[in-house]
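What follows is a short report on a single structure.
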Amino acid sequence: MPGKQMAIDADLNAGLIGQEEARARRQDVTQEADFYGSMDGASKFVRGDAVAGILILVINLLGGLGIGMLQHDLDFETAMRFYSLLTIGDGLVAQIPSLLLSTAAAIMVTRQNVSHDMGKQVISQMFASPKALAVSAGIMTIMGIIPGMPHVAFLSLAAASGGGAWWIIQKEKQKVSDEAQLAQEQAELPLDDDAEKKDLDWDDVMPVDMIGLEVGYRLIPMVDKMQGGQLLSRIKGVRKKLSQDLGFLVPSVHIRDNLDLLPGAYRITLMGVVVGESEVYPDRELAINPGQVFGKLQGVEVKDPAFGLDAIWIEQSQKEQAQSLGYTVVDASTVVATHLNQLLQVHAHELLGHEEVQQLLDMLTKTSPKLVEELVPGKVSFSVLLKVLQNLLMEQVPLKDFRTIAESLADAVNRTQDPLGLTAAVRISLARLIVQNINGSEAELPVITLAPQLEQLLLNSVQQGQDNGLVLEPGMAERLQSSLSETATQQEMMGRPSVLLVAAPVRPLMSKFVRYGEHHIHVLSYQEIPENKKVTIVATVGDMRQAMRRVRDEIGPDAVIVSNHRVAGGVEVVAAHENDYEAAQQAFSRKKKTEQKRQSQIDVLTQGQNSNLASELQKARMQIAEAEMGGSQNYDTSGKVNRQLDNDDEELRAILTSLKQRQKEKADAAHRNFMTSSVLDDADLGLDLREELSMPPPQEE
């Protein structure tokens with residue numbers, strides 16, 4: 001009985017049953033316990049009576065034999081036949097009533113706590129079902145045909161019981177027929193609008209699943225354990241691993257079939273919105289190209305849905321061949337689970353809500369109750385705490401060390417209430433964890449930095465934008481994104497993580513800026529580098545050395561600089577092979593003359609209309625140039641415009657000296673093969689060119 005009570009409580013806590021059903025089950029268990037208790041007492045009484053009856057039976061049998069043989073001069077066979085029958089009859093007459101009385105007493109005790117009339121209960125139990133009367137009729141019929149029994153009494157009672165059972169059966173059939181006819185008549189009647197309105201309730205409103213997985217009908221066996229499907233176990237493993245890595249419980253994944261999808265397609269939804277979808281082949285294996293393979297395979301060429309790598313769906317018989325060629329081979333369940341894992345990691349901040357934060361606080365309360373009491377809601381509101389945790393998850397920072405996060409917030413909240421400022425303070429406290437997740441336990445951390453001029457420009461842009469975020473001219477933003485992407489690609493090719501190291505005020509906005517690129521770049525501030533880590537600068541975005549290396553890499557060591565001049569939004573550098581120098585100069589001269597002619601035609605057409613505008617623009621340029629020259633250091637603008645080149649390091653000087661020498665030696669032997677032009681922006685040539693040329697920024701013009 002205790003086990004049944006615990007089972008009812010477990011079902012109630014799990015939400016499988018409601019309060020009413022649980023109450024009914026408990027009442028049934030109580031009645032069952034009372035009945036068995038009463039029957040136990042009755043069985044003890046009957047057992048004692050049965051033992052006494054057996055002793056009386058033996059005494060009656062032996063005494064009857066003695067009396068019959070000694071007193072009535074009967075032989076042994078006759079005395080045994082007479083007195084054994086008398087003894088058995090006496091035992092039956094004594095034991096059957098005691099058994100019936102014990103059973104009746106148990107029934108009475110069981111029903112004593114029920115608020116029902118006893119007579120009605122007896123009548124309903126005897127005549128509500130034909131089984132009781134039918135069984136009674138059968139037993140009395142058997143007893144009535146036994147020789148020596150009162151045939152008339154038993155057979156008449158058997159006939160009455162059998163008739164009653166037949167009447168009850170006919171009555172039940174009639175009742176079922178009437179109910180079916182009534183249901184048919186009601187189905188034929190038109191539905192009332194009021195009845196329809198009453199039938200609708202909040203149960204008809206389907207809630208949105210936090211995480212949903214919709215599959216086509218060909219993928220149903222993958223989620224059915226009875227058919228050997230492994231997708232459910234894979235998804236469970238993904239949830240467990242993510243929960244351990246992120247530091248909070250990832251919600252369950254609701255799986256349903258969708259006939260609107262292709263047979264082998266699946267769709268992953270988050271809050272009812274589709275975040276990913278693809279198509280798999282359950283009867284095939286996916287061979288993924290990790291970047292270096294030694295052969296080709298026959299199959300359906302696709303892209304890996306999780307990471308976008310080249311892949312081929314192959315037959316299962318080709319699995320060993322694909323592995324020998326260097327492919328990574330996985331089954332369809334692993335493909336879906338990996339895709340789900342990647343999407344949940346990207347959107348982890350959307351899975352964290354008020355309930356999850358409350359669970360984190362409850363867990364922290366068990367070990368640090370004073371900290372939680374001081375933090376929420378005394379210093380930090382619940383909504384601000386949620387926003388800070390979401391910001392951390394958005395930047396791939398786990399919440400496993402929630403105690404450190406809470407302590408950092410309790411200390412930083414005295415300085416700022418801004419969620420971004422609080423997030424930055426927490427990141428500094430979690431610096432070792434962040435760097436370990438990026439670079440493991442390596443002693444050196446390779447980083448990418450920004451050129452000083454570029455970083456200063458971004459700082460000024462942040463100060464100008466304030467709450468509006470990073471304010472950049474679209475062309476510059478595009479060039480910055482391109483430069484970061486090229487540098488990140490080089491880092492990936494060398495097997496290094498892409499880490500951009502910037503100043504603290506720029507870090508949040510640069511992190512948001514690079515988040516939308518095709519490469520995953522970690523953005524750290526100088527304060528987030530642990531003291532035991534050695535920082536190695538492997539690349540600088542916006543440096544002149546990077547521009548010169550780019551010319552050398554794209555054209556070759558025999559490259560010569562034809563010219564460089566100012567264009568809209570940057571500087572154009574024309575470079576060519578040393579044996580094509582003459583052809584490059586002629587082509588560049590023709591291009592320059594064509595542009596000057598086109599510009600003169602435009603000036604003639606617009607001179608009359610835009611004279612006032614041009615004069616005002618010229619005045620503004622002069623004022624801006626004077627202001628910049630007055631507020632900055634005294635630059636020597638009478639010399640070469642590319643003064644940065646002359647002040648650079650020895651490596652850059654060696655490159656320029658080599659190129660100029662080759663240009664001078666090979667100019668006379670030039671051939672007309674081809675010319676290569678490379679347009680480099682301000683960030684590539686050094687942003688101080690704008691100051692040295694005394695020219696205003698493009699956005700101010």
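Labeling convention for the structure tokens: chains A, B, ... as they appear, residues from 1 per chain, ligands from 1 in order of appearance.
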query: If we count only C-alpha atoms, what is near Gly295 of chain A at a cut-off of 10 Å, once residues fewer than 3 positions away on the same chain are taken out, given as a ChimeraX atom specification?
result: /A:292,321-322,324-327
Could you write out that same residue set with C-alpha atoms as a PDB file, in the first residue's frame?
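Here's the written file again.pdb:
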ATOM      1  CA  GLN A 292      41.979  17.741 -47.059  1.00  0.00           C
ATOM      2  CA  GLN A 321      36.235   3.810 -48.396  1.00  0.00           C
ATOM      3  CA  ALA A 322      35.270   7.361 -47.391  1.00  0.00           C
ATOM      4  CA  SER A 324      40.210   5.807 -45.796  1.00  0.00           C
ATOM      5  CA  LEU A 325      40.129   8.878 -48.099  1.00  0.00           C
ATOM      6  CA  GLY A 326      40.039  11.244 -45.148  1.00  0.00           C
ATOM      7  CA  TYR A 327      36.312  12.016 -44.938  1.00  0.00           C
TER       8      TYR A 327
END
For Gln390 of chain A: contacts at 8 Å, only C-alpha atoms, fewer than 2 positions along chain excluded, given as a short mmCIF file (atom, residue, chain, number, x, y, z; two decimals) with C-alpha atoms, in the first residue's frame:
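Resulting contents of part.cif:
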data_model
loop_
_atom_site.label_atom_id
_atom_site.label_comp_id
_atom_site.auth_asym_id
_atom_site.auth_seq_id
_atom_site.Cartn_x
_atom_site.Cartn_y
_atom_site.Cartn_z
CA HIS A 349 20.85 33.67 -24.73
CA GLU A 350 17.29 33.35 -26.02
CA LEU A 352 17.50 31.88 -20.69
CA LEU A 386 18.67 38.59 -16.71
CA LYS A 387 20.02 41.05 -19.30
CA VAL A 388 23.60 40.69 -18.01
CA LEU A 392 27.32 36.79 -21.41
CA LEU A 393 25.67 33.91 -23.24
CA MET A 394 25.48 35.99 -26.42
#
query: Mind pulling up the distance from atom CA of Val346 of chain A to atom CA of Gly308 of chain A?
result: 14.9 Å
- request: Name the residues of segment 252-362 of chain A that fall into strand (DSSP E) according to DSSP on the backbone, using the chain letters and numbers of this document, as a PyMOL selection string.
  value: chain A and resi 253-257+265-270+273-279+285-288+300-303+310-314+328-331
- request: Compare A:Leu459, A:Ile448, A:Met510, A:Gly18 by their minimum atom-to-atom distance to Gly542 of chain A, counting only C-alpha atoms, and give me the closest one.
  value: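 Smallest separation from Gly542 of chain A among the options: A:Ile448.
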- request: Considering only C-alpha atoms, return as an MDAnalysis selection string whatever protein or nucleic-acid residues lie within 12 Å of Gly440 of chain A, sequence-local ones (same chain, fewer than 5 positions apart) excluded.
  value: chainID A and resid 432:435 445 496:497 533
- prompt: If you run DSSP on this backbone, which residues of segment 248-497 of chain A come out as helix (DSSP H, G or I), and could you give them as a ChimeraX atom specification?
  reply: /A:316-324,332-346,348-351,354-367,369-379,382-394,402-412,419-429,431-439,452-468,474-493
message: So that I can check the surroundings of Ile288 of chain A, please list as a PyMOL selection string every protein, DNA and RNA residue that reaches within 12 Å of it, counting only C-alpha atoms and ignoring chain neighbours fewer than 5 positions away.
response: chain A and resi 293+296-297+299-314+319+322-323+325-331+335
query: Restricting the calculation to only C-alpha atoms, which member of A:Ser156, A:Thr334, A:Gln342, A:Ser252 is positioned closest to Arg234 of chain A?
result: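 Nearest candidate to Arg234 of chain A out of A:Ser156, A:Thr334, A:Gln342, A:Ser252: A:Thr334.
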message: Quick one: residues within 7 Å of Val541 of chain A, only C-alpha atoms, excluding same-chain residues fewer than 5 positions away - as a list in words?
response: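 The filter keeps Thr449, Leu450, Ala451, Ser483 and Leu484 of chain A.
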task: Quick one: pull the distance between atom CA of Gln358 of chain A and atom CA of Phe382 of chain A, Å, one decimal.
output: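 Between these atoms lies a distance of 9.0 Å.
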Surrounding residues of segment 79-88 of chain A excluding itself and chain neighbours under 6 positions, 9 Å, only C-alpha atoms, as a list in words: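 Residues meeting the cut-off are Ile56, Leu57, Val58, Asn60, Leu61, Leu62, Gly63, Gly64, Leu65, Gly66, Ile67, Gly68 and Met69 of chain A.
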Produce a file of the selected residues containing N, CA and C atoms, as a PDB file, in the first residue's frame.
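Once written, part_14.pdb looks like this:
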ATOM      1  N   ILE A  56     -12.888 -31.693  15.786  1.00  0.00           N
ATOM      2  CA  ILE A  56     -14.225 -32.254  16.027  1.00  0.00           C
ATOM      3  C   ILE A  56     -14.540 -33.329  15.003  1.00  0.00           C
ATOM      4  N   LEU A  57     -14.091 -33.102  13.729  1.00  0.00           N
ATOM      5  CA  LEU A  57     -14.335 -34.101  12.687  1.00  0.00           C
ATOM      6  C   LEU A  57     -13.671 -35.430  13.033  1.00  0.00           C
ATOM      7  N   VAL A  58     -12.416 -35.364  13.473  1.00  0.00           N
ATOM      8  CA  VAL A  58     -11.706 -36.605  13.818  1.00  0.00           C
ATOM      9  C   VAL A  58     -12.364 -37.291  15.015  1.00  0.00           C
ATOM     10  N   ASN A  60     -15.524 -36.989  16.021  1.00  0.00           N
ATOM     11  CA  ASN A  60     -16.820 -37.543  15.621  1.00  0.00           C
ATOM     12  C   ASN A  60     -16.647 -38.827  14.828  1.00  0.00           C
ATOM     13  N   LEU A  61     -15.646 -38.862  13.960  1.00  0.00           N
ATOM     14  CA  LEU A  61     -15.451 -40.057  13.146  1.00  0.00           C
ATOM     15  C   LEU A  61     -15.035 -41.256  14.011  1.00  0.00           C
ATOM     16  N   LEU A  62     -14.055 -41.051  14.867  1.00  0.00           N
ATOM     17  CA  LEU A  62     -13.615 -42.147  15.734  1.00  0.00           C
ATOM     18  C   LEU A  62     -14.705 -42.556  16.735  1.00  0.00           C
ATOM     19  N   GLY A  63     -15.361 -41.530  17.314  1.00  0.00           N
ATOM     20  CA  GLY A  63     -16.436 -41.850  18.258  1.00  0.00           C
ATOM     21  C   GLY A  63     -17.593 -42.564  17.590  1.00  0.00           C
ATOM     22  N   GLY A  64     -17.936 -42.157  16.350  1.00  0.00           N
ATOM     23  CA  GLY A  64     -19.022 -42.835  15.640  1.00  0.00           C
ATOM     24  C   GLY A  64     -18.697 -44.276  15.321  1.00  0.00           C
ATOM     25  N   LEU A  65     -17.443 -44.524  14.910  1.00  0.00           N
ATOM     26  CA  LEU A  65     -17.048 -45.907  14.646  1.00  0.00           C
ATOM     27  C   LEU A  65     -17.154 -46.759  15.925  1.00  0.00           C
ATOM     28  N   GLY A  66     -16.706 -46.163  17.030  1.00  0.00           N
ATOM     29  CA  GLY A  66     -16.763 -46.936  18.290  1.00  0.00           C
ATOM     30  C   GLY A  66     -18.197 -47.229  18.720  1.00  0.00           C
ATOM     31  N   ILE A  67     -19.054 -46.193  18.616  1.00  0.00           N
ATOM     32  CA  ILE A  67     -20.450 -46.396  19.030  1.00  0.00           C
ATOM     33  C   ILE A  67     -21.146 -47.377  18.105  1.00  0.00           C
ATOM     34  N   GLY A  68     -20.904 -47.259  16.803  1.00  0.00           N
ATOM     35  CA  GLY A  68     -21.586 -48.162  15.872  1.00  0.00           C
ATOM     36  C   GLY A  68     -21.152 -49.596  16.012  1.00  0.00           C
ATOM     37  N   MET A  69     -19.887 -49.849  16.246  1.00  0.00           N
ATOM     38  CA  MET A  69     -19.395 -51.213  16.311  1.00  0.00           C
ATOM     39  C   MET A  69     -19.618 -51.826  17.693  1.00  0.00           C
TER      40      MET A  69
END
query: By how many Å are atom CA of Leu259 of chain A and atom CA of Arg284 of chain A apart?
result: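 One can read the atom CA of Leu259 of chain A to atom CA of Arg284 of chain A distance as 21.8 Å.
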